[in-house]
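Peer 1: My questions all concern the structure below.
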Amino acid sequence: MTTHQSIIVIIFFITLIQSSAAATDRHVIRFRSPNLYPESLTYDPKSQHFIVGSLRHRTLHSITDAAVVSVLLSDPSLPPNVTILGLAVDNKHRRLLAAIHSIPPLQPFNALAAYDLTSLKRIFITLLKDDEDGDGDDSDKGDRRSRDIANGVAVDFDGNVYVTNAGKDFIWKVNVDGTARVFSRSKLFRKFPIVVDESDKYSECGLNGIVYDSKGYLIVAQSNTGRLFKVDAEDGTARAVMVNEVLMMADDVAVRGDGVVVVVSPVKGVAWFVKSRDSWGEAAVVDRVKLDGEGFPTSVAVGGGGRVYVLYGYVEEGIVGKGAGREWFRIEEIWREGGEDEMVWVFVLVGLGLAYFLFWRFQMRELVKNLDKKRT
């Protein structure tokens with residue numbers, strides 16, 4: 001091997017070490033937007049921006065990787081102080097979909113709004129009601145699980161939107177034209193025991209995060225039971241996914257490119273990485289990551305490069321009205337446990353490889369010298 005070739009090999013090893021080191025940097029987007037308290041997060045792959053909602057503002061905001069915040073759109077026609085609980089980007093039809101809910105003591109309001117991501121104008125807004133309620137007014141009902149709560153949002157390739165009702169444990173389906181109907185009211189959604197105290201303020205939160213799988217089904221998390229469900233996107237048939245642990249107070253869900261579903265819990269401050277080998281008949285938690293509980297991580301999304309991000313919107317702080325109002329919030333890459341240890345092993349292996357190469361080169365040089373001596 002010539003000196004020139006040796007230099008090339010050494011540069012290769014140095015570049016490999018540098019790229020490995022860069023991979024250990026967690027991406028954190030710390031952005032400023034006074035009193036925003038965003039609960040929902042999604043990612044627009046075309047603009048390569050994150051989009052967040054708000055606890056009380058009738059606005060949607062775009063967040064760049066460099067933490068530049070801009071008002072993507074404002075909809076003053078919405079009732080004052082409504083909360084945007086769920087977001088999804090329909091990239092095929094270039095639409096932004098938002099589940100809108102009014103938190104008590106506000107008058108009941110649940111709707112799905114669709115906005116054109118090119119013109120930034122609203123396409124439609126559809127009121128979401130329980131077809132078994134008649135007029136849909138649930139304001140005077142005493143049952144804690146009788147209040148409609150439009151929550152998680154997912155969209156399929158045809159533009160059909162699925163919205164979870166966290167209060168009554170069913171799923172709405174809204175077609176591309178904005179027509180809504182109750183899509184899945186499976187008895188399974190009320191079969192499992194609530195695993196949090198009945199007096200807990202979150203015990204009424206049922207079906208929550210939802211994501212569409214390209215194989216034609218939905219994966220849905222239920223907060224108060226810690227269960228996952230697989231729901232057929234055609235007929236609404238549901239089955240419980242057998243997971244090896246209860247996902248206590250599961251909130252939002254996202255699916256990575258490799259099929260792993262990421263579930264976050266703001267109450268428990270944890271992200272679970274859940275994998276199935278049989279199309280979600282059974283599944284197992286393959287990793288868990290501790291999150292910042294104070295930041296109340298309510299939403300998760302897959303961003304650029306397939307990285308998984310969590311939103312720290314401090315929503316609970318905003319609801320109870322602690323302090324004088326917060327200005328700063330975070331979108332942060334979820335760092336898998338053991339990631340740093342794995343990179344240490346990468347450095348060790350690269351170092352051993354470089355040492356072996358240098359030793360081999362030294363031996364070959366000595367061999368050539370000895371051969372030259374014998375010839376002379």
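The chains in the structure tokens are called A, B, ... from first to last as shown; in each chain the residues are counted from 1, and the ligands are counted from 1 in the order shown.
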With a cut-off of 12 Å, could you pull out the residues of stretch 114-175 of chain A touching stretch 85-91 of chain A and give me the nearest pair of atoms for each, distance in Å to one decimal, using only C-alpha atoms, ordered by chain and ascending number, as a tab-separated table?

Peer 2:
```
residue	atom	partner	partner_atom	distance
A:Ala114	CA	A:Asp90	CA	9.5
A:Tyr115	CA	A:Val89	CA	9.7
A:Asp116	CA	A:Asp90	CA	9.7
A:Leu117	CA	A:Val89	CA	8.9
A:Thr118	CA	A:Asn91	CA	11.1
A:Ile149	CA	A:Leu85	CA	9.0
A:Ala150	CA	A:Leu85	CA	7.3
A:Asn151	CA	A:Leu85	CA	5.2
A:Gly152	CA	A:Gly86	CA	4.7
A:Val153	CA	A:Gly86	CA	5.4
A:Ala154	CA	A:Ala88	CA	6.1
A:Val155	CA	A:Asp90	CA	6.4
A:Asp156	CA	A:Asp90	CA	8.0
A:Phe157	CA	A:Asp90	CA	8.0
A:Asp158	CA	A:Asp90	CA	9.3
A:Gly159	CA	A:Asp90	CA	6.8
A:Asn160	CA	A:Asp90	CA	9.3
A:Val161	CA	A:Asp90	CA	9.0
A:Tyr162	CA	A:Ala88	CA	10.1
A:Val163	CA	A:Gly86	CA	8.4
A:Thr164	CA	A:Gly86	CA	9.3
A:Asn165	CA	A:Leu85	CA	11.0
A:Ala166	CA	A:Leu85	CA	10.6
```

Peer 1: Would you mind exporting N, CA and C atoms of the selected residues as a compact mmCIF listing (two decimals), in the first residue's frame?

Peer 2:
```txt
# COMPACT_ATOMS: atom_id res chain seq x y z
N ALA A 114 -60.07 21.42 8.62
CA ALA A 114 -59.09 21.09 7.58
C ALA A 114 -58.65 22.38 6.90
N TYR A 115 -57.33 22.55 6.78
CA TYR A 115 -56.77 23.76 6.19
C TYR A 115 -55.86 23.39 5.02
N ASP A 116 -55.91 24.20 3.98
CA ASP A 116 -55.06 24.01 2.81
C ASP A 116 -53.65 24.53 3.14
N LEU A 117 -52.65 23.68 3.02
CA LEU A 117 -51.29 24.07 3.37
C LEU A 117 -50.63 24.92 2.30
N THR A 118 -51.26 25.06 1.15
CA THR A 118 -50.73 25.94 0.12
C THR A 118 -51.30 27.35 0.24
N ILE A 149 -64.84 14.42 23.76
CA ILE A 149 -63.53 15.08 23.74
C ILE A 149 -62.84 14.68 22.44
N ALA A 150 -62.90 15.56 21.44
CA ALA A 150 -62.19 15.30 20.19
C ALA A 150 -60.69 15.43 20.45
N ASN A 151 -59.95 14.36 20.19
CA ASN A 151 -58.56 14.32 20.66
C ASN A 151 -57.56 13.99 19.55
N GLY A 152 -57.17 12.72 19.42
CA GLY A 152 -56.14 12.35 18.46
C GLY A 152 -56.64 12.36 17.02
N VAL A 153 -55.71 12.58 16.09
CA VAL A 153 -56.05 12.66 14.66
C VAL A 153 -55.10 11.80 13.85
N ALA A 154 -55.65 11.05 12.90
CA ALA A 154 -54.84 10.29 11.93
C ALA A 154 -55.51 10.40 10.57
N VAL A 155 -54.74 10.22 9.52
CA VAL A 155 -55.29 10.32 8.16
C VAL A 155 -54.73 9.21 7.30
N ASP A 156 -55.58 8.63 6.44
CA ASP A 156 -55.11 7.56 5.55
C ASP A 156 -54.75 8.13 4.18
N PHE A 157 -54.35 7.27 3.26
CA PHE A 157 -53.88 7.72 1.95
C PHE A 157 -54.99 8.33 1.09
N ASP A 158 -56.24 7.97 1.38
CA ASP A 158 -57.37 8.50 0.61
C ASP A 158 -57.89 9.82 1.17
N GLY A 159 -57.32 10.28 2.25
CA GLY A 159 -57.75 11.54 2.84
C GLY A 159 -58.81 11.40 3.91
N ASN A 160 -59.19 10.16 4.25
CA ASN A 160 -60.13 9.96 5.35
C ASN A 160 -59.42 10.25 6.68
N VAL A 161 -60.12 10.94 7.57
CA VAL A 161 -59.53 11.34 8.84
C VAL A 161 -60.22 10.59 9.97
N TYR A 162 -59.43 10.17 10.94
CA TYR A 162 -59.95 9.44 12.09
C TYR A 162 -59.64 10.25 13.35
N VAL A 163 -60.67 10.48 14.17
CA VAL A 163 -60.53 11.30 15.36
C VAL A 163 -61.01 10.51 16.56
N THR A 164 -60.19 10.40 17.59
CA THR A 164 -60.60 9.69 18.79
C THR A 164 -61.46 10.57 19.69
N ASN A 165 -62.44 9.95 20.32
CA ASN A 165 -63.25 10.61 21.34
C ASN A 165 -62.77 10.09 22.69
N ALA A 166 -61.97 10.90 23.38
CA ALA A 166 -61.37 10.47 24.63
C ALA A 166 -62.38 10.37 25.76
```

Peer 1: Which residues, written as an NGL selection string, have at least one atom at most 10 Å from A:Glu333, with only C-alpha atoms counted and residues fewer than 6 positions away on the same chain left out?

Peer 2: :A and (25-29 or 300-303 or 307-311)

Peer 1: Per DSSP on the backbone, what are the helix (DSSP H, G or I) residues of stretch 217-311 of chain A, as an NGL selection string?

Peer 2: :A and (293-295 or 304-306)

Peer 1: Would you mind exporting C-alpha atoms of the selected residues as a PDB file, in the first residue's frame?

Peer 2:
```pdb
ATOM      1  CA  GLY A 293     -42.211  15.124  33.344  1.00  0.00           C
ATOM      2  CA  GLU A 294     -42.249  18.802  34.266  1.00  0.00           C
ATOM      3  CA  GLY A 295     -42.463  19.689  30.575  1.00  0.00           C
ATOM      4  CA  GLY A 304     -36.757  14.737   9.253  1.00  0.00           C
ATOM      5  CA  GLY A 305     -34.389  11.814   8.854  1.00  0.00           C
ATOM      6  CA  GLY A 306     -36.832   9.534  10.661  1.00  0.00           C
TER       7      GLY A 306
END
```

Peer 1: As a PyMOL selection string, please: every residue in stretch 189-275 of chain A that DSSP puts in strand (DSSP E).

Peer 2: chain A and resi 207-213+217-222+227-232+238-243+253-255+261-265+270-275

Peer 1: Just to be explicit: take each residue in the selection above, keep N, CA and C atoms, and write the result as a JSON list (two decimals), in the first residue's frame.

Peer 2:
```json
[["chain", "number", "residue", "atom", "x", "y", "z"],
["A", 207, "LEU", "N", -59.74, 6.79, 24.83],
["A", 207, "LEU", "CA", -59.01, 6.70, 23.56],
["A", 207, "LEU", "C", -58.31, 8.03, 23.28],
["A", 208, "ASN", "N", -57.05, 7.94, 22.93],
["A", 208, "ASN", "CA", -56.26, 9.16, 22.82],
["A", 208, "ASN", "C", -55.48, 9.18, 21.51],
["A", 209, "GLY", "N", -54.18, 8.89, 21.56],
["A", 209, "GLY", "CA", -53.35, 8.93, 20.36],
["A", 209, "GLY", "C", -53.76, 7.89, 19.34],
["A", 210, "ILE", "N", -53.63, 8.25, 18.07],
["A", 210, "ILE", "CA", -54.03, 7.34, 16.98],
["A", 210, "ILE", "C", -53.10, 7.56, 15.80],
["A", 211, "VAL", "N", -52.74, 6.47, 15.12],
["A", 211, "VAL", "CA", -51.87, 6.56, 13.95],
["A", 211, "VAL", "C", -52.33, 5.55, 12.92],
["A", 212, "TYR", "N", -52.20, 5.93, 11.64],
["A", 212, "TYR", "CA", -52.61, 5.04, 10.55],
["A", 212, "TYR", "C", -51.41, 4.27, 10.04],
["A", 213, "ASP", "N", -51.58, 2.97, 9.88],
["A", 213, "ASP", "CA", -50.56, 2.11, 9.31],
["A", 213, "ASP", "C", -50.89, 1.84, 7.85],
["A", 217, "TYR", "N", -54.74, -0.36, 8.78],
["A", 217, "TYR", "CA", -55.35, -0.36, 10.10],
["A", 217, "TYR", "C", -54.81, 0.80, 10.93],
["A", 218, "LEU", "N", -55.47, 1.03, 12.05],
["A", 218, "LEU", "CA", -55.11, 2.09, 12.98],
["A", 218, "LEU", "C", -54.58, 1.48, 14.26],
["A", 219, "ILE", "N", -53.58, 2.13, 14.86],
["A", 219, "ILE", "CA", -53.13, 1.77, 16.20],
["A", 219, "ILE", "C", -53.57, 2.91, 17.12],
["A", 220, "VAL", "N", -54.32, 2.55, 18.17],
["A", 220, "VAL", "CA", -54.92, 3.54, 19.05],
["A", 220, "VAL", "C", -54.51, 3.26, 20.49],
["A", 221, "ALA", "N", -54.13, 4.30, 21.21],
["A", 221, "ALA", "CA", -53.77, 4.18, 22.63],
["A", 221, "ALA", "C", -54.94, 4.64, 23.49],
["A", 222, "GLN", "N", -55.14, 3.94, 24.60],
["A", 222, "GLN", "CA", -56.17, 4.33, 25.56],
["A", 222, "GLN", "C", -55.49, 4.71, 26.87],
["A", 227, "ARG", "N", -53.90, 0.54, 27.41],
["A", 227, "ARG", "CA", -54.00, -0.47, 26.35],
["A", 227, "ARG", "C", -53.78, 0.12, 24.96],
["A", 228, "LEU", "N", -53.38, -0.77, 24.04],
["A", 228, "LEU", "CA", -53.32, -0.44, 22.62],
["A", 228, "LEU", "C", -54.36, -1.27, 21.88],
["A", 229, "PHE", "N", -54.96, -0.67, 20.85],
["A", 229, "PHE", "CA", -55.93, -1.37, 20.03],
["A", 229, "PHE", "C", -55.55, -1.26, 18.56],
["A", 230, "LYS", "N", -55.86, -2.32, 17.84],
["A", 230, "LYS", "CA", -55.70, -2.34, 16.39],
["A", 230, "LYS", "C", -57.11, -2.25, 15.80],
["A", 231, "VAL", "N", -57.35, -1.25, 14.97],
["A", 231, "VAL", "CA", -58.69, -1.01, 14.42],
["A", 231, "VAL", "C", -58.63, -1.05, 12.90],
["A", 232, "ASP", "N", -59.46, -1.88, 12.31],
["A", 232, "ASP", "CA", -59.52, -1.97, 10.85],
["A", 232, "ASP", "C", -60.03, -0.66, 10.28],
["A", 238, "ALA", "N", -62.33, -3.77, 15.96],
["A", 238, "ALA", "CA", -61.20, -3.55, 16.87],
["A", 238, "ALA", "C", -60.78, -4.83, 17.55],
["A", 239, "ARG", "N", -59.50, -4.89, 17.86],
["A", 239, "ARG", "CA", -58.99, -5.99, 18.69],
["A", 239, "ARG", "C", -57.90, -5.42, 19.59],
["A", 240, "ALA", "N", -57.82, -5.95, 20.78],
["A", 240, "ALA", "CA", -56.81, -5.49, 21.74],
["A", 240, "ALA", "C", -55.46, -6.08, 21.37],
["A", 241, "VAL", "N", -54.45, -5.24, 21.38],
["A", 241, "VAL", "CA", -53.08, -5.70, 21.14],
["A", 241, "VAL", "C", -52.51, -6.22, 22.46],
["A", 242, "MET", "N", -52.00, -7.42, 22.45],
["A", 242, "MET", "CA", -51.43, -8.01, 23.66],
["A", 242, "MET", "C", -49.99, -7.50, 23.82],
["A", 243, "VAL", "N", -49.81, -6.55, 24.73],
["A", 243, "VAL", "CA", -48.50, -5.95, 24.97],
["A", 243, "VAL", "C", -47.96, -6.50, 26.29],
["A", 253, "VAL", "N", -49.26, 8.87, 19.99],
["A", 253, "VAL", "CA", -48.50, 7.79, 19.37],
["A", 253, "VAL", "C", -47.99, 8.25, 18.00],
["A", 254, "ALA", "N", -46.88, 7.67, 17.57],
["A", 254, "ALA", "CA", -46.33, 7.91, 16.24],
["A", 254, "ALA", "C", -45.69, 6.62, 15.77],
["A", 255, "VAL", "N", -45.60, 6.43, 14.47],
["A", 255, "VAL", "CA", -44.98, 5.23, 13.94],
["A", 255, "VAL", "C", -43.76, 5.60, 13.12],
["A", 261, "VAL", "N", -43.79, 1.59, 16.92],
["A", 261, "VAL", "CA", -44.70, 2.61, 17.40],
["A", 261, "VAL", "C", -44.14, 3.22, 18.68],
["A", 262, "VAL", "N", -44.10, 4.55, 18.72],
["A", 262, "VAL", "CA", -43.61, 5.27, 19.89],
["A", 262, "VAL", "C", -44.80, 5.86, 20.62],
["A", 263, "VAL", "N", -44.91, 5.57, 21.91],
["A", 263, "VAL", "CA", -46.02, 6.02, 22.75],
["A", 263, "VAL", "C", -45.44, 6.88, 23.87],
["A", 264, "VAL", "N", -46.03, 8.05, 24.09],
["A", 264, "VAL", "CA", -45.54, 8.91, 25.17],
["A", 264, "VAL", "C", -46.62, 9.08, 26.24],
["A", 265, "SER", "N", -46.16, 9.27, 27.47],
["A", 265, "SER", "CA", -47.05, 9.53, 28.59],
["A", 265, "SER", "C", -46.57, 10.78, 29.32],
["A", 270, "VAL", "N", -42.57, 9.23, 30.28],
["A", 270, "VAL", "CA", -41.85, 8.13, 29.64],
["A", 270, "VAL", "C", -42.30, 7.99, 28.19],
["A", 271, "ALA", "N", -41.39, 7.50, 27.35],
["A", 271, "ALA", "CA", -41.71, 7.12, 25.97],
["A", 271, "ALA", "C", -41.41, 5.64, 25.82],
["A", 272, "TRP", "N", -42.40, 4.90, 25.32],
["A", 272, "TRP", "CA", -42.21, 3.48, 25.06],
["A", 272, "TRP", "C", -42.01, 3.26, 23.55],
["A", 273, "PHE", "N", -41.06, 2.40, 23.20],
["A", 273, "PHE", "CA", -40.88, 1.96, 21.82],
["A", 273, "PHE", "C", -41.46, 0.55, 21.73],
["A", 274, "VAL", "N", -42.53, 0.41, 20.97],
["A", 274, "VAL", "CA", -43.29, -0.85, 20.94],
["A", 274, "VAL", "C", -43.19, -1.45, 19.54],
["A", 275, "LYS", "N", -42.89, -2.75, 19.50],
["A", 275, "LYS", "CA", -42.69, -3.43, 18.22],
["A", 275, "LYS", "C", -43.54, -4.68, 18.15]]
```

Peer 1: For a test of reading the model, state the distance in Å between atom CA of A:Tyr37 and atom CA of A:Asn81, rounded to one decimal.

Peer 2: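 Separation of atom CA of A:Tyr37 and atom CA of A:Asn81: 12.2 Å.
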